[in-house]
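These notes concern the structure reproduced below.
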Amino acid sequence: MKPIDDDTLQAYVDGELDADAAARVDAALAHDAVLARRVQQARALRTQLHAAFDPVLDEPVPARLSALLQPPATPARTGGRHAHARHHRRAPRRWYVGAALAASVAVLAVAVWWPHAGGDMLRMQGGQSFAAGPLERALDHALASEPNADAAVAIGLSFRSNDGHICRSFVLRHAPARAGLACHSDGGWNVPVLTAAPAPGNGDELRQAGSGLPDAVRAAIDARLRGEVFDAKQERAARDAGWQ
Amino acid sequence: MNSSDAVREGLIPLLPRLRRLARALAGQAADADDLVQIVLERALARAAQWRPDAALDKWVFAIARNAWRDELRARGRSQHLFAPEEAGEMAADRASAQPAQQLELAMALAALPPDHREVVALVLIEGMSYGEAAELLEVPVGTVTSRLARARTTLQAHLGKDT
């Protein structure tokens, strides 16, 4: 049998071989300890690189970067207007962009975040959205029974969902106002739904019957609610227990 | 909806990966985010050049790689963007404490020649195939594999020191 050369071994580790070639390497590895050790080392390198750099994925994105991707505040564009106009003249395929975007809106909807005086409110982890910054702090500490009209985040209903996790609805007061639901898990506050909201009132209003919550958030609550929402005492007890 | 809106919105979910790529290329967190800012500005300015049938991530990663090369040229130091002690500091200033081995690996990556560092970033960290990396870098696949092999040898020597 032909010996396994370095390029083949590397391609094997990187998943670049077809099934037949990979099977040949598998067979060689079974009785060649030196070869097996080299494969192990190459895999360890890849693992270590991910361990060194993947934490960046979970860092909050600096506001100065996410701010660049904000939609213009008004129809009057700033800055790059002339550049855009120039590009458009030589880009006759604009219609196509809209179609592609429409198809991707559903994907984008789970990954919305926006700059805020206190930093970013969401972070992505493992393809899911988690609360970050002021939102995470409010979910951790704020009580709907002690509303703070000045806070950026108003907490609404808290309850234990049918999968055992504690969920809390919230409203982000700063324009554009948004409402959502966050459910506590090992990785933090997972945010399964976040949507545009009417301008919120104070926390008391929210807590009473969840009035003012958008339909999408109400539906998310209905889908998870088992039993009753927490009263003030239960809410405080849940916070003191770390939302477990 | 115009092309710049489409690119702008499409970039939002790519930001974490773009920051990881920039960190792997530029090393220091502040430099990496400066690079990301340049990339976002370029991507928005060139939004009309993006073909919607092309993957936005690969398009913007190519912009990132080219912007990084431009920065290297502007600094006039093609081999070492940071002195090793700076690389150590950049690794040390990360929010979460990391094992010494990872810090050393990040320093070793920062010390690689740019040709090697970019294939490591694209293939081993971003997870591109050899073919995808070759297309992005505009080199033959064989060039990617040979650079990757040499980069691996160097990096593994660092890993091996501690074990």
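Numbering starts fresh at 1 for the residues of each chain in the structure tokens, the chains themselves are lettered A, B, ... in the order given, and ligands are numbered from 1 as they appear.
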Non-local contacts of region 221-233 of chain A (8 Å; only C-alpha atoms; under 2 positions in same chain excluded) as a compact mmCIF listing (two decimals) with N, CA and C atoms, in the first residue's frame:
```txt
# COMPACT_ATOMS: atom_id res chain seq x y z
N LEU A 143 -36.90 44.04 39.37
CA LEU A 143 -38.16 43.41 39.75
C LEU A 143 -39.31 44.24 39.19
N ALA A 144 -40.28 43.56 38.60
CA ALA A 144 -41.45 44.29 38.09
C ALA A 144 -42.22 44.92 39.23
N SER A 145 -42.08 44.32 40.43
CA SER A 145 -42.80 44.88 41.58
C SER A 145 -42.14 46.16 42.10
N LEU A 157 -43.80 40.39 32.82
CA LEU A 157 -44.23 39.17 33.51
C LEU A 157 -43.05 38.24 33.73
N SER A 158 -43.05 37.57 34.87
CA SER A 158 -42.08 36.50 35.11
C SER A 158 -42.86 35.23 35.41
N PHE A 159 -42.39 34.12 34.91
CA PHE A 159 -43.11 32.86 35.13
C PHE A 159 -42.17 31.70 34.85
N ARG A 160 -42.57 30.52 35.31
CA ARG A 160 -41.79 29.32 35.01
C ARG A 160 -42.39 28.66 33.78
N SER A 161 -41.58 28.44 32.76
CA SER A 161 -42.10 27.92 31.50
C SER A 161 -42.32 26.42 31.61
N ASN A 162 -42.99 25.87 30.62
CA ASN A 162 -43.32 24.45 30.66
C ASN A 162 -42.09 23.55 30.50
N ASP A 163 -40.92 24.13 30.16
CA ASP A 163 -39.70 23.29 30.18
C ASP A 163 -38.89 23.52 31.45
N LEU A 181 -39.11 38.37 24.99
CA LEU A 181 -39.17 37.40 26.07
C LEU A 181 -37.78 36.81 26.23
N VAL A 217 -44.95 38.53 21.26
CA VAL A 217 -44.47 38.25 22.61
C VAL A 217 -45.55 37.53 23.41
N ARG A 218 -46.79 37.98 23.26
CA ARG A 218 -47.88 37.32 23.97
C ARG A 218 -47.98 35.86 23.54
N ALA A 219 -47.82 35.63 22.24
CA ALA A 219 -47.90 34.25 21.74
C ALA A 219 -46.77 33.41 22.32
N GLU A 235 -41.56 36.48 42.50
CA GLU A 235 -40.56 37.08 41.63
C GLU A 235 -39.26 37.35 42.41
N ARG A 236 -39.42 37.91 43.61
CA ARG A 236 -38.25 38.20 44.43
C ARG A 236 -37.54 36.91 44.85
N ALA A 237 -38.35 35.91 45.21
CA ALA A 237 -37.75 34.64 45.63
C ALA A 237 -36.97 34.01 44.47
```
Next on the checklist: Only residues of chain B matter here; which ones have an atom within 6 Å of chain A, counting only C-alpha atoms? Give them as a list in words.
Outcome noted: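 That gives the following set of residues: Met1, Ser3, Ala6, Arg8, Pro13, Pro16, Arg20, Ala48, Pro52, Gln102 and Leu124 of chain B.
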Checklist entry - Got a sec: who's within 8 Å of region 57-73 of chain B, counting only C-alpha atoms, leaving out chain neighbours fewer than 3 positions off, as JSON, numbers by chain? => result {"B": [11, 14, 18, 21, 22, 25, 26, 35, 36, 38, 39, 42, 43, 50, 54, 76, 77, 78, 81, 118, 136, 137]}
Quick one: residues within 8 Å of region 146-159 of chain B, only C-alpha atoms counted, chain neighbours fewer than 2 positions away excluded, as a PDB file with N, CA and C atoms, in the first residue's frame?
```
ATOM      1  N   ASP A   7       0.745  15.719   2.725  1.00  0.00           N
ATOM      2  CA  ASP A   7      -0.414  16.455   2.200  1.00  0.00           C
ATOM      3  C   ASP A   7      -1.703  15.679   2.417  1.00  0.00           C
ATOM      4  N   GLN A  10      -2.720  15.863   6.082  1.00  0.00           N
ATOM      5  CA  GLN A  10      -3.309  17.161   6.411  1.00  0.00           C
ATOM      6  C   GLN A  10      -4.732  17.245   5.855  1.00  0.00           C
ATOM      7  N   GLN A  41      -2.129  15.364  16.974  1.00  0.00           N
ATOM      8  CA  GLN A  41      -1.513  16.678  17.186  1.00  0.00           C
ATOM      9  C   GLN A  41      -2.147  17.744  16.291  1.00  0.00           C
ATOM     10  N   ALA A  42      -2.412  17.359  15.042  1.00  0.00           N
ATOM     11  CA  ALA A  42      -3.007  18.328  14.114  1.00  0.00           C
ATOM     12  C   ALA A  42      -4.408  18.708  14.571  1.00  0.00           C
ATOM     13  N   LEU A  45      -4.176  21.087  17.508  1.00  0.00           N
ATOM     14  CA  LEU A  45      -3.870  22.462  17.112  1.00  0.00           C
ATOM     15  C   LEU A  45      -5.158  23.197  16.747  1.00  0.00           C
TER      16      LEU A  45
ATOM     17  N   GLN B 101      -1.203  28.241  27.395  1.00  0.00           N
ATOM     18  CA  GLN B 101      -0.969  27.614  26.098  1.00  0.00           C
ATOM     19  C   GLN B 101      -1.693  28.370  24.985  1.00  0.00           C
ATOM     20  N   GLU B 104       0.108  31.582  24.274  1.00  0.00           N
ATOM     21  CA  GLU B 104       1.320  31.316  23.512  1.00  0.00           C
ATOM     22  C   GLU B 104       0.991  31.017  22.061  1.00  0.00           C
ATOM     23  N   LEU B 105      -0.119  30.315  21.849  1.00  0.00           N
ATOM     24  CA  LEU B 105      -0.538  29.997  20.492  1.00  0.00           C
ATOM     25  C   LEU B 105      -0.923  31.262  19.732  1.00  0.00           C
ATOM     26  N   ALA B 108       2.178  32.938  18.774  1.00  0.00           N
ATOM     27  CA  ALA B 108       2.840  32.238  17.676  1.00  0.00           C
ATOM     28  C   ALA B 108       2.139  32.546  16.356  1.00  0.00           C
ATOM     29  N   LEU B 109       0.818  32.635  16.395  1.00  0.00           N
ATOM     30  CA  LEU B 109       0.077  32.962  15.178  1.00  0.00           C
ATOM     31  C   LEU B 109       0.429  34.371  14.713  1.00  0.00           C
ATOM     32  N   LEU B 112       3.588  34.589  12.735  1.00  0.00           N
ATOM     33  CA  LEU B 112       3.694  33.923  11.431  1.00  0.00           C
ATOM     34  C   LEU B 112       3.743  34.954  10.309  1.00  0.00           C
ATOM     35  N   ASP B 115       1.279  35.404   4.821  1.00  0.00           N
ATOM     36  CA  ASP B 115       0.779  34.344   3.934  1.00  0.00           C
ATOM     37  C   ASP B 115       0.309  33.128   4.734  1.00  0.00           C
ATOM     38  N   HIS B 116       1.008  32.838   5.794  1.00  0.00           N
ATOM     39  CA  HIS B 116       0.666  31.674   6.608  1.00  0.00           C
ATOM     40  C   HIS B 116      -0.484  31.988   7.564  1.00  0.00           C
ATOM     41  N   ARG B 117      -0.409  33.182   8.133  1.00  0.00           N
ATOM     42  CA  ARG B 117      -1.421  33.550   9.120  1.00  0.00           C
ATOM     43  C   ARG B 117      -2.812  33.551   8.493  1.00  0.00           C
ATOM     44  N   VAL B 119      -3.996  31.807   5.949  1.00  0.00           N
ATOM     45  CA  VAL B 119      -4.589  30.481   5.690  1.00  0.00           C
ATOM     46  C   VAL B 119      -5.008  29.803   6.998  1.00  0.00           C
ATOM     47  N   VAL B 120      -4.248  30.033   8.046  1.00  0.00           N
ATOM     48  CA  VAL B 120      -4.657  29.494   9.350  1.00  0.00           C
ATOM     49  C   VAL B 120      -5.994  30.107   9.777  1.00  0.00           C
ATOM     50  N   GLY B 142      -3.123  24.239  -4.282  1.00  0.00           N
ATOM     51  CA  GLY B 142      -1.850  23.686  -3.829  1.00  0.00           C
ATOM     52  C   GLY B 142      -1.048  24.676  -2.989  1.00  0.00           C
ATOM     53  N   THR B 143      -1.207  25.949  -3.300  1.00  0.00           N
ATOM     54  CA  THR B 143      -0.519  26.975  -2.514  1.00  0.00           C
ATOM     55  C   THR B 143      -1.101  27.049  -1.109  1.00  0.00           C
ATOM     56  N   VAL B 144      -2.426  26.931  -1.033  1.00  0.00           N
ATOM     57  CA  VAL B 144      -3.076  26.935   0.280  1.00  0.00           C
ATOM     58  C   VAL B 144      -2.569  25.766   1.120  1.00  0.00           C
ATOM     59  N   LYS B 161       6.023  22.475  22.805  1.00  0.00           N
ATOM     60  CA  LYS B 161       6.991  22.863  23.836  1.00  0.00           C
ATOM     61  C   LYS B 161       6.472  22.587  25.249  1.00  0.00           C
ATOM     62  N   ASP B 162       5.156  22.761  25.404  1.00  0.00           N
ATOM     63  CA  ASP B 162       4.597  22.662  26.751  1.00  0.00           C
ATOM     64  C   ASP B 162       4.168  21.246  27.116  1.00  0.00           C
ATOM     65  N   THR B 163       4.160  20.394  26.135  1.00  0.00           N
ATOM     66  CA  THR B 163       3.568  19.075  26.419  1.00  0.00           C
ATOM     67  C   THR B 163       4.627  17.999  26.482  1.00  0.00           C
TER      68      THR B 163
END
```
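Non-sequential neighbours of Ala142 (chain A) (distance at most 9 Å, separation of 6 or more positions within a chain, only C-alpha atoms) are Asn148, Val153, Ala154, Ile155 and Arg239 of chain A.
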Next on the checklist: Counting only C-alpha atoms, which residue out of A:Ala241, A:Val191, A:Ala196, A:Ala27 sits closest to Ala220 (chain A)?
Outcome noted: A:Val191
Checklist entry - How would you write, as a PyMOL selection string, the set of residues in chain B that DSSP gives as helix (DSSP H, G or I)? => result chain B and resi 3-26+29-45+47-49+56-75+84-92+100-110+114-125+130-137+141-162
Export, as a compact mmCIF listing (two decimals), in the first residue's frame, the selected residues with C-alpha atoms.
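This is the output file part-v7.txt:
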```
# COMPACT_ATOMS: atom_id res chain seq x y z
CA SER B 3 -28.27 46.98 -2.24
CA SER B 4 -26.69 49.01 0.51
CA ASP B 5 -29.58 48.20 2.86
CA ALA B 6 -29.30 44.53 1.94
CA VAL B 7 -25.58 44.45 2.66
CA ARG B 8 -25.94 46.51 5.81
CA GLU B 9 -28.57 44.22 7.28
CA GLY B 10 -26.77 41.10 6.09
CA LEU B 11 -23.59 42.19 7.85
CA ILE B 12 -25.20 42.44 11.28
CA PRO B 13 -25.25 38.70 12.02
CA LEU B 14 -21.75 38.34 10.51
CA LEU B 15 -20.14 40.80 12.92
CA PRO B 16 -19.02 38.20 15.53
CA ARG B 17 -17.29 36.06 12.89
CA LEU B 18 -15.82 39.10 11.23
CA ARG B 19 -14.37 40.20 14.57
CA ARG B 20 -12.92 36.73 15.15
CA LEU B 21 -11.27 36.74 11.72
CA ALA B 22 -9.90 40.23 12.33
CA ARG B 23 -8.55 39.15 15.72
CA ALA B 24 -6.78 36.20 14.16
CA LEU B 25 -5.28 38.39 11.45
CA ALA B 26 -4.46 41.58 13.35
CA ALA B 29 -8.15 43.57 19.99
CA ALA B 30 -8.10 47.31 19.33
CA ASP B 31 -6.31 46.87 15.99
CA ALA B 32 -8.73 44.11 15.06
CA ASP B 33 -11.76 46.28 15.69
CA ASP B 34 -10.16 49.14 13.76
CA LEU B 35 -9.80 46.67 10.93
CA VAL B 36 -13.45 45.63 11.26
CA GLN B 37 -14.47 49.26 11.06
CA ILE B 38 -12.51 49.74 7.85
CA VAL B 39 -14.07 46.56 6.46
CA LEU B 40 -17.62 47.65 7.28
CA GLU B 41 -17.06 51.05 5.70
CA ARG B 42 -15.63 49.49 2.56
CA ALA B 43 -18.38 46.89 2.35
CA LEU B 44 -21.07 49.55 2.62
CA ALA B 45 -19.35 51.77 0.06
CA ALA B 47 -22.47 47.32 -1.60
CA ALA B 48 -23.54 47.55 -5.23
CA GLN B 49 -20.66 45.25 -6.18
CA LEU B 56 -22.07 37.66 1.82
CA ASP B 57 -19.70 36.18 4.40
CA LYS B 58 -17.09 35.20 1.82
CA TRP B 59 -17.46 38.54 0.09
CA VAL B 60 -16.88 40.50 3.27
CA PHE B 61 -14.10 38.18 4.47
CA ALA B 62 -12.28 38.87 1.21
CA ILE B 63 -12.66 42.59 1.87
CA ALA B 64 -11.30 41.98 5.37
CA ARG B 65 -8.29 40.07 4.15
CA ASN B 66 -7.48 42.72 1.55
CA ALA B 67 -7.97 45.55 4.03
CA TRP B 68 -5.61 43.79 6.44
CA ARG B 69 -3.00 43.46 3.69
CA ASP B 70 -3.41 47.16 2.92
CA GLU B 71 -2.84 47.97 6.59
CA LEU B 72 0.27 45.83 6.67
CA ARG B 73 1.63 47.61 3.63
CA ALA B 74 0.78 50.99 5.12
CA ARG B 75 2.75 50.11 8.20
CA PRO B 84 6.21 39.51 20.44
CA GLU B 85 5.89 41.33 23.76
CA GLU B 86 2.98 43.32 22.32
CA ALA B 87 1.38 40.11 21.18
CA GLY B 88 1.69 38.87 24.72
CA GLU B 89 0.03 41.97 26.06
CA MET B 90 -2.79 41.77 23.58
CA ALA B 91 -3.46 38.24 24.55
CA ALA B 92 -3.24 39.09 28.22
CA ALA B 100 -1.02 30.02 29.01
CA GLN B 101 -0.97 27.61 26.10
CA GLN B 102 -3.65 29.59 24.27
CA LEU B 103 -1.83 32.85 24.85
CA GLU B 104 1.32 31.32 23.51
CA LEU B 105 -0.54 30.00 20.49
CA ALA B 106 -2.02 33.42 19.77
CA MET B 107 1.48 34.90 19.99
CA ALA B 108 2.84 32.24 17.68
CA LEU B 109 0.08 32.96 15.18
CA ALA B 110 0.80 36.69 15.34
CA PRO B 114 1.06 37.01 6.65
CA ASP B 115 0.78 34.34 3.93
CA HIS B 116 0.67 31.67 6.61
CA ARG B 117 -1.42 33.55 9.12
CA GLU B 118 -4.24 34.14 6.66
CA VAL B 119 -4.59 30.48 5.69
CA VAL B 120 -4.66 29.49 9.35
CA ALA B 121 -7.33 32.12 10.03
CA LEU B 122 -9.48 31.11 7.06
CA VAL B 123 -9.14 27.33 7.16
CA LEU B 124 -8.40 26.36 10.76
CA ILE B 125 -10.33 29.09 12.57
CA TYR B 130 -9.09 24.63 0.87
CA GLY B 131 -10.99 25.53 -2.29
CA GLU B 132 -12.88 28.39 -0.65
CA ALA B 133 -9.70 29.78 0.88
CA ALA B 134 -7.88 29.50 -2.45
CA GLU B 135 -10.65 31.40 -4.19
CA LEU B 136 -10.66 34.13 -1.57
CA LEU B 137 -6.89 34.47 -1.61
CA VAL B 141 -5.34 25.19 -3.95
CA GLY B 142 -1.85 23.69 -3.83
CA THR B 143 -0.52 26.98 -2.51
CA VAL B 144 -3.08 26.94 0.28
CA THR B 145 -2.14 23.41 1.30
CA SER B 146 1.60 24.05 1.28
CA ARG B 147 1.27 27.29 3.28
CA LEU B 148 -1.04 25.57 5.70
CA ALA B 149 1.38 22.70 6.19
CA ARG B 150 4.26 25.04 6.96
CA ALA B 151 2.13 27.15 9.30
CA ARG B 152 1.04 24.01 11.12
CA THR B 153 4.61 22.89 11.60
CA THR B 154 5.52 26.23 13.17
CA LEU B 155 2.45 26.40 15.41
CA GLN B 156 2.72 22.80 16.50
CA ALA B 157 6.27 23.38 17.56
CA HIS B 158 4.90 25.97 20.00
CA LEU B 159 2.21 23.65 21.24
CA GLY B 160 4.67 20.84 21.63
CA LYS B 161 6.99 22.86 23.84
CA ASP B 162 4.60 22.66 26.75
```
